[in-house]
Amino acid sequence: MELNLSLENFQKEVLNSNDPVLVDFYADWCGPCKMMAPVVESLAEELKGKAKVGKINVDQNQDLAIEYNVMSIPTLIIFKDGKETKRFVGVRDKNEILNEF
Amino acid sequence: MYDVIIIGAGPAGISASLYTQRANLKTLIIYKKTEISALEKANEVSNYYGFEKGIKGKELYGKGIKQAVNLGVEILEEEVTNIKQEGNQFKVETLKNKFDSKTVILATGNKRNKPNIKGIELFEGKGISYCAICDGFFFKNKNVAIIGNGDYAISETMDLQNIVKSITILTNGQEMPEYRAENVDIVKKEIDEVIGEKRVEKIKFKDNSIIKVDGIFVAQGVAGSTEFARKVGAKIQNDKIVVNDAMETNIKGLYACGDCTGGLYQISKAVYEGTKAGLQVINYLMSF
């Protein structure tokens with residue numbers, strides 16, 4: 001299961017995390033996001049023990065989207081040691097993302 | 001409600017229609033006539049089966065369309081500006097009409113609509129967007145530009161009008177049909193570069209003038225298969241639509257065939273893929 005992220009737990013779960021974190025910025029009304037949702041869900045399973053996977057609803061968390069310059073969804077960002085190391089914009093292949101871990 | 005709407009009337013799209021029409025599926029082909037296709041540009045086709053003296057690309061293209069018409073396929077000459085997925089169906093839109101269909105086949109060829117402007121790729125997802133309906137949300141009350149000069153640019157403008165503060169349509173040196181709306185400006189100067197630090201901030205023109213923008217939507221020329229695919233969430237790799245052996249995209253009911261899937265840019269390959277897409281649509285609709 002993916003973690004539901006928001007401003008309240010972002011610091012603790014993402015920026016202070018010892019493991020890498022994959023964060024999915026999405027919205028319910030976004031078609032391409034719906035196509036990515038099952039991919040992100042299965043990434044959460046496959047990366048268990050290796051990395052965390054979380055999702056951010058941009059409708060409810062506009063501040064986080066603005067802070068990380070997310071202006072197109074779906075956007076997936078990998079954070080390592082609290083810093084962005086890789087960004088994927090749009091629908092992507094699962095393996096392309098897995099290869100980053 | 002159509003069983004299948006095919007976008008594009010080249011060898012891939014027409015071949016698909018021959019199979020779906022003969023299987024009695026309600027078939028509609030929509031294509032833009034003024035757009036010169038790759039086949040029409042081919043002066044002499046002499047490597048395609050059965051033409052002993054070769055054939056002009058333009059003639060073969062015309063014959064294909066006539067063949068489909070003779071079979072009873074409905075053909076509409078309009079520019080498709082948007083495709084939406086609604087449940088298990090699709091809505092295909094032009095500026096004048098909206099059509100519902102159970103399936104859609106993308107076969108508009110391999111047009112590259114990305115303008116060759118410095119900075120565009122650098123800011124993809126950071127202010128550069130290819131889909132107004134997807135990303136308009138991020139530009140609420142902001143000033144945006146749309147790069148484009150036709151129906152597609154107008155359709156993207158209409159999607160953004162009620163969300164953003166102002167829209168500047170940049171034709172990048174091209175002419176554009178008359179279009180007037182309250183918060184829309186049209187600038188015909190040639191663009192030199194997109195500038196910004198972490199995200200899009202300014203556009204510099206070739207005459208060295210600069211405008212400030214928060215975002216840029218790319219809607220140049222006639223929207224092609226890749227643009228539509230991106231909007232509904234189909235997988236794209238290296239600007240080509242990803243399909244399986246049966247020409248299915250990752251979206252149920254959405255198919256792509258011909259040059260837009262990459263590989264050999266040959267008529268034979270487009271015909272083959274169009275055939276497969278047509279047959280797969282028949283299979284898919286029979287499974288209900």
# chains A, B, ... in the order shown; residues from 1 in each chain; ligands from 1

call {"tool": "select_by_dssp", "arguments": {"residues": "stretch 10-93 of chain A", "states": "strand (DSSP E or B)", "output": "number ranges by chain"}}
result
A: 21-26, 52-57, 75-80, 83-89

call {"tool": "interface_residues", "arguments": {"of": "chain A", "to": "chain B", "cutoff": "9 Å", "atoms": "only C-alpha atoms", "output": "ChimeraX atom specification"}}
result
/A:29-36,59,62,65-66,69-73,75,88-93

call {"tool": "write_last_selection", "arguments": {"atoms": "C-alpha atoms", "output": "PDB file, in the first residue's frame"}}
result
ATOM      1  CA  TRP A  29      -9.768  13.988 -12.353  1.00  0.00           C
ATOM      2  CA  CYS A  30      -6.590  13.287 -14.300  1.00  0.00           C
ATOM      3  CA  GLY A  31      -6.892  10.489 -16.875  1.00  0.00           C
ATOM      4  CA  PRO A  32      -3.190   9.726 -17.190  1.00  0.00           C
ATOM      5  CA  CYS A  33      -2.956   9.585 -13.363  1.00  0.00           C
ATOM      6  CA  LYS A  34      -5.613   6.875 -13.343  1.00  0.00           C
ATOM      7  CA  MET A  35      -3.523   4.870 -15.785  1.00  0.00           C
ATOM      8  CA  MET A  36      -0.475   5.259 -13.527  1.00  0.00           C
ATOM      9  CA  ASP A  59      -6.042  19.082  -5.109  1.00  0.00           C
ATOM     10  CA  GLN A  62      -1.331  22.476  -3.610  1.00  0.00           C
ATOM     11  CA  ALA A  65       2.971  20.749  -5.594  1.00  0.00           C
ATOM     12  CA  ILE A  66       4.089  24.374  -5.760  1.00  0.00           C
ATOM     13  CA  ASN A  69       7.475  22.778  -9.028  1.00  0.00           C
ATOM     14  CA  VAL A  70       5.004  20.102 -10.031  1.00  0.00           C
ATOM     15  CA  MET A  71       3.035  21.611 -12.917  1.00  0.00           C
ATOM     16  CA  SER A  72       2.008  18.558 -14.854  1.00  0.00           C
ATOM     17  CA  ILE A  73       0.527  15.340 -13.570  1.00  0.00           C
ATOM     18  CA  THR A  75       4.664  13.498 -11.786  1.00  0.00           C
ATOM     19  CA  PHE A  88       9.258  11.267 -14.188  1.00  0.00           C
ATOM     20  CA  VAL A  89       6.506  13.256 -15.895  1.00  0.00           C
ATOM     21  CA  GLY A  90       3.593  11.484 -17.572  1.00  0.00           C
ATOM     22  CA  VAL A  91       2.705   7.832 -17.965  1.00  0.00           C
ATOM     23  CA  ARG A  92       5.801   5.645 -17.622  1.00  0.00           C
ATOM     24  CA  ASP A  93       6.765   2.020 -17.717  1.00  0.00           C
TER      25      ASP A  93
END

call {"tool": "atom_distance", "arguments": {"atom1": "atom CA of B:Gln280", "atom2": "atom CA of B:Ile14"}}
result
14.9 Å

call {"tool": "select_by_dssp", "arguments": {"residues": "stretch 20-87 of chain A", "states": "helix (DSSP H, G or I)", "output": "ChimeraX atom specification"}}
result
/A:31-46,62-67

call {"tool": "write_last_selection", "arguments": {"atoms": "C-alpha atoms", "output": "compact mmCIF listing (two decimals), in the first residue's frame"}}
result
# COMPACT_ATOMS: atom_id res chain seq x y z
CA GLY A 31 -6.89 10.49 -16.87
CA PRO A 32 -3.19 9.73 -17.19
CA CYS A 33 -2.96 9.58 -13.36
CA LYS A 34 -5.61 6.88 -13.34
CA MET A 35 -3.52 4.87 -15.78
CA MET A 36 -0.48 5.26 -13.53
CA ALA A 37 -2.29 4.37 -10.29
CA PRO A 38 -2.05 0.56 -10.66
CA VAL A 39 1.61 0.89 -11.67
CA VAL A 40 2.38 2.90 -8.54
CA GLU A 41 0.43 0.40 -6.44
CA SER A 42 2.47 -2.52 -7.74
CA LEU A 43 5.69 -0.54 -7.29
CA ALA A 44 4.77 -0.19 -3.63
CA GLU A 45 4.60 -4.00 -3.39
CA GLU A 46 7.78 -4.67 -5.32
CA GLN A 62 -1.33 22.48 -3.61
CA ASP A 63 1.44 23.86 -1.40
CA LEU A 64 3.55 20.73 -1.84
CA ALA A 65 2.97 20.75 -5.59
CA ILE A 66 4.09 24.37 -5.76
CA GLU A 67 7.10 23.78 -3.51

call {"tool": "residues_around", "arguments": {"residues": "B:Val218", "least_positions_apart": "2", "cutoff": "6 Å", "atoms": "only C-alpha atoms", "output": "mmCIF file with C-alpha atoms, in the first residue's frame"}}
result
data_model
loop_
_atom_site.group_PDB
_atom_site.id
_atom_site.type_symbol
_atom_site.label_atom_id
_atom_site.label_comp_id
_atom_site.auth_asym_id
_atom_site.auth_seq_id
_atom_site.Cartn_x
_atom_site.Cartn_y
_atom_site.Cartn_z
ATOM 1 C CA TYR B 130 1.115 19.338 -23.724
ATOM 2 C CA ILE B 146 -0.161 28.671 -25.987
ATOM 3 C CA ILE B 147 2.157 27.862 -28.859
ATOM 4 C CA GLN B 220 1.175 23.479 -32.591
#

call {"tool": "residues_around", "arguments": {"residues": "B:Leu106", "least_positions_apart": "2", "cutoff": "12 Å", "atoms": "only C-alpha atoms", "output": "ChimeraX atom specification"}}
result
/B:4-10,12-14,16-17,29-31,80,83,92,103-104,108-110,223-230,232,234,240-243,247-249,253-261,270,273-274,277-278

call {"tool": "residues_around", "arguments": {"residues": "stretch 79-82 of chain A", "least_positions_apart": "4", "cutoff": "7 Å", "atoms": "only C-alpha atoms", "output": "list in words"}}
result
Val14, Leu15, Asn16, Ser17, Asn18, Pro20, Val21 and Leu22 of chain A

call {"tool": "write_last_selection", "arguments": {"atoms": "all heavy atoms", "output": "PDB file, in the first residue's frame"}}
result
ATOM      1  N   VAL A  14       9.044  11.599   4.200  1.00  0.00           N
ATOM      2  CA  VAL A  14       9.840  11.740   2.969  1.00  0.00           C
ATOM      3  C   VAL A  14      11.207  12.351   3.262  1.00  0.00           C
ATOM      4  O   VAL A  14      12.238  11.722   3.038  1.00  0.00           O
ATOM      5  CB  VAL A  14       9.092  12.597   1.915  1.00  0.00           C
ATOM      6  CG1 VAL A  14       9.928  12.729   0.640  1.00  0.00           C
ATOM      7  CG2 VAL A  14       7.734  11.982   1.587  1.00  0.00           C
ATOM      8  N   LEU A  15      11.220  13.568   3.796  1.00  0.00           N
ATOM      9  CA  LEU A  15      12.483  14.286   3.932  1.00  0.00           C
ATOM     10  C   LEU A  15      13.399  13.661   4.979  1.00  0.00           C
ATOM     11  O   LEU A  15      14.615  13.650   4.826  1.00  0.00           O
ATOM     12  CB  LEU A  15      12.218  15.761   4.262  1.00  0.00           C
ATOM     13  CG  LEU A  15      11.375  16.504   3.202  1.00  0.00           C
ATOM     14  CD1 LEU A  15      11.160  17.949   3.609  1.00  0.00           C
ATOM     15  CD2 LEU A  15      12.037  16.436   1.829  1.00  0.00           C
ATOM     16  N   ASN A  16      12.815  13.090   6.045  1.00  0.00           N
ATOM     17  CA  ASN A  16      13.649  12.483   7.090  1.00  0.00           C
ATOM     18  C   ASN A  16      13.779  10.972   6.940  1.00  0.00           C
ATOM     19  O   ASN A  16      14.307  10.299   7.824  1.00  0.00           O
ATOM     20  CB  ASN A  16      13.067  12.783   8.479  1.00  0.00           C
ATOM     21  CG  ASN A  16      13.079  14.275   8.772  1.00  0.00           C
ATOM     22  OD1 ASN A  16      13.762  15.044   8.095  1.00  0.00           O
ATOM     23  ND2 ASN A  16      12.319  14.687   9.779  1.00  0.00           N
ATOM     24  N   SER A  17      13.324  10.440   5.827  1.00  0.00           N
ATOM     25  CA  SER A  17      13.320   8.988   5.670  1.00  0.00           C
ATOM     26  C   SER A  17      14.729   8.436   5.417  1.00  0.00           C
ATOM     27  O   SER A  17      15.515   9.028   4.681  1.00  0.00           O
ATOM     28  CB  SER A  17      12.408   8.616   4.490  1.00  0.00           C
ATOM     29  OG  SER A  17      12.576   7.268   4.155  1.00  0.00           O
ATOM     30  N   ASN A  18      15.023   7.304   6.028  1.00  0.00           N
ATOM     31  CA  ASN A  18      16.314   6.651   5.771  1.00  0.00           C
ATOM     32  C   ASN A  18      16.310   5.932   4.423  1.00  0.00           C
ATOM     33  O   ASN A  18      17.326   5.819   3.768  1.00  0.00           O
ATOM     34  CB  ASN A  18      16.634   5.643   6.879  1.00  0.00           C
ATOM     35  CG  ASN A  18      16.943   6.347   8.189  1.00  0.00           C
ATOM     36  OD1 ASN A  18      17.551   7.432   8.173  1.00  0.00           O
ATOM     37  ND2 ASN A  18      16.506   5.770   9.295  1.00  0.00           N
ATOM     38  N   PRO A  20      14.975   5.454   0.416  1.00  0.00           N
ATOM     39  CA  PRO A  20      14.484   6.312  -0.676  1.00  0.00           C
ATOM     40  C   PRO A  20      12.959   6.311  -0.711  1.00  0.00           C
ATOM     41  O   PRO A  20      12.331   5.340  -0.272  1.00  0.00           O
ATOM     42  CB  PRO A  20      15.026   5.648  -1.940  1.00  0.00           C
ATOM     43  CG  PRO A  20      16.000   4.626  -1.509  1.00  0.00           C
ATOM     44  CD  PRO A  20      15.755   4.307  -0.071  1.00  0.00           C
ATOM     45  N   VAL A  21      12.375   7.397  -1.196  1.00  0.00           N
ATOM     46  CA  VAL A  21      10.914   7.488  -1.272  1.00  0.00           C
ATOM     47  C   VAL A  21      10.483   7.872  -2.692  1.00  0.00           C
ATOM     48  O   VAL A  21      11.024   8.806  -3.280  1.00  0.00           O
ATOM     49  CB  VAL A  21      10.355   8.555  -0.301  1.00  0.00           C
ATOM     50  CG1 VAL A  21       8.838   8.444  -0.202  1.00  0.00           C
ATOM     51  CG2 VAL A  21      10.987   8.429   1.079  1.00  0.00           C
ATOM     52  N   LEU A  22       9.546   7.103  -3.212  1.00  0.00           N
ATOM     53  CA  LEU A  22       8.948   7.449  -4.503  1.00  0.00           C
ATOM     54  C   LEU A  22       7.622   8.149  -4.224  1.00  0.00           C
ATOM     55  O   LEU A  22       6.755   7.589  -3.553  1.00  0.00           O
ATOM     56  CB  LEU A  22       8.710   6.185  -5.333  1.00  0.00           C
ATOM     57  CG  LEU A  22       7.985   6.374  -6.663  1.00  0.00           C
ATOM     58  CD1 LEU A  22       8.880   7.080  -7.673  1.00  0.00           C
ATOM     59  CD2 LEU A  22       7.524   5.035  -7.236  1.00  0.00           C
TER      60      LEU A  22
END

call {"tool": "atom_distance", "arguments": {"atom1": "atom CA of A:Asn61", "atom2": "atom CA of A:Leu7"}}
result
7.0 Å

call {"tool": "atom_distance", "arguments": {"atom1": "atom CA of A:Gln60", "atom2": "atom CA of A:Ala27"}}
result
9.0 Å

call {"tool": "decode", "arguments": {"residues": "stretch 92-107 of chain B", "atoms": "N, CA, C and O atoms", "output": "short mmCIF file (atom, residue, chain, number, x, y, z; two decimals), in the first residue's frame"}}
result
data_model
loop_
_atom_site.label_atom_id
_atom_site.label_comp_id
_atom_site.auth_asym_id
_atom_site.auth_seq_id
_atom_site.Cartn_x
_atom_site.Cartn_y
_atom_site.Cartn_z
N VAL B 92 -14.88 11.78 -29.03
CA VAL B 92 -13.94 12.36 -29.97
C VAL B 92 -14.49 13.72 -30.39
O VAL B 92 -15.63 13.82 -30.84
N GLU B 93 -13.69 14.78 -30.19
CA GLU B 93 -14.20 16.14 -30.43
C GLU B 93 -13.47 16.85 -31.56
O GLU B 93 -12.25 16.75 -31.69
N THR B 94 -14.25 17.56 -32.37
CA THR B 94 -13.69 18.55 -33.28
C THR B 94 -14.22 19.89 -32.77
O THR B 94 -14.99 19.91 -31.81
N LEU B 95 -13.83 21.00 -33.40
CA LEU B 95 -14.36 22.28 -32.92
C LEU B 95 -15.88 22.34 -33.11
O LEU B 95 -16.57 23.02 -32.38
N LYS B 96 -16.40 21.61 -34.11
CA LYS B 96 -17.84 21.69 -34.42
C LYS B 96 -18.66 20.54 -33.86
O LYS B 96 -19.86 20.68 -33.65
N ASN B 97 -18.07 19.38 -33.70
CA ASN B 97 -18.84 18.17 -33.38
C ASN B 97 -18.24 17.35 -32.24
O ASN B 97 -17.05 17.44 -31.97
N LYS B 98 -19.12 16.54 -31.64
CA LYS B 98 -18.66 15.57 -30.65
C LYS B 98 -19.25 14.22 -31.02
O LYS B 98 -20.43 14.13 -31.31
N PHE B 99 -18.44 13.19 -31.01
CA PHE B 99 -18.91 11.85 -31.36
C PHE B 99 -18.57 10.87 -30.24
O PHE B 99 -17.48 10.95 -29.66
N ASP B 100 -19.50 9.94 -29.97
CA ASP B 100 -19.22 8.87 -29.01
C ASP B 100 -18.83 7.61 -29.76
O ASP B 100 -19.39 7.31 -30.81
N SER B 101 -17.89 6.89 -29.19
CA SER B 101 -17.49 5.64 -29.84
C SER B 101 -17.03 4.63 -28.79
O SER B 101 -16.55 5.00 -27.73
N LYS B 102 -17.25 3.34 -29.13
CA LYS B 102 -16.81 2.30 -28.20
C LYS B 102 -15.30 2.11 -28.26
O LYS B 102 -14.67 1.74 -27.28
N THR B 103 -14.72 2.33 -29.44
CA THR B 103 -13.27 2.19 -29.59
C THR B 103 -12.72 3.31 -30.46
O THR B 103 -13.46 3.94 -31.22
N VAL B 104 -11.42 3.55 -30.35
CA VAL B 104 -10.76 4.56 -31.18
C VAL B 104 -9.45 3.97 -31.71
O VAL B 104 -8.70 3.33 -30.97
N ILE B 105 -9.21 4.19 -32.99
CA ILE B 105 -7.92 3.80 -33.58
C ILE B 105 -7.18 5.08 -33.97
O ILE B 105 -7.69 5.90 -34.73
N LEU B 106 -5.98 5.26 -33.42
CA LEU B 106 -5.15 6.41 -33.76
C LEU B 106 -4.25 6.04 -34.93
O LEU B 106 -3.50 5.08 -34.86
N ALA B 107 -4.37 6.79 -36.00
CA ALA B 107 -3.57 6.48 -37.20
C ALA B 107 -3.25 7.76 -37.95
O ALA B 107 -3.49 7.88 -39.14
#
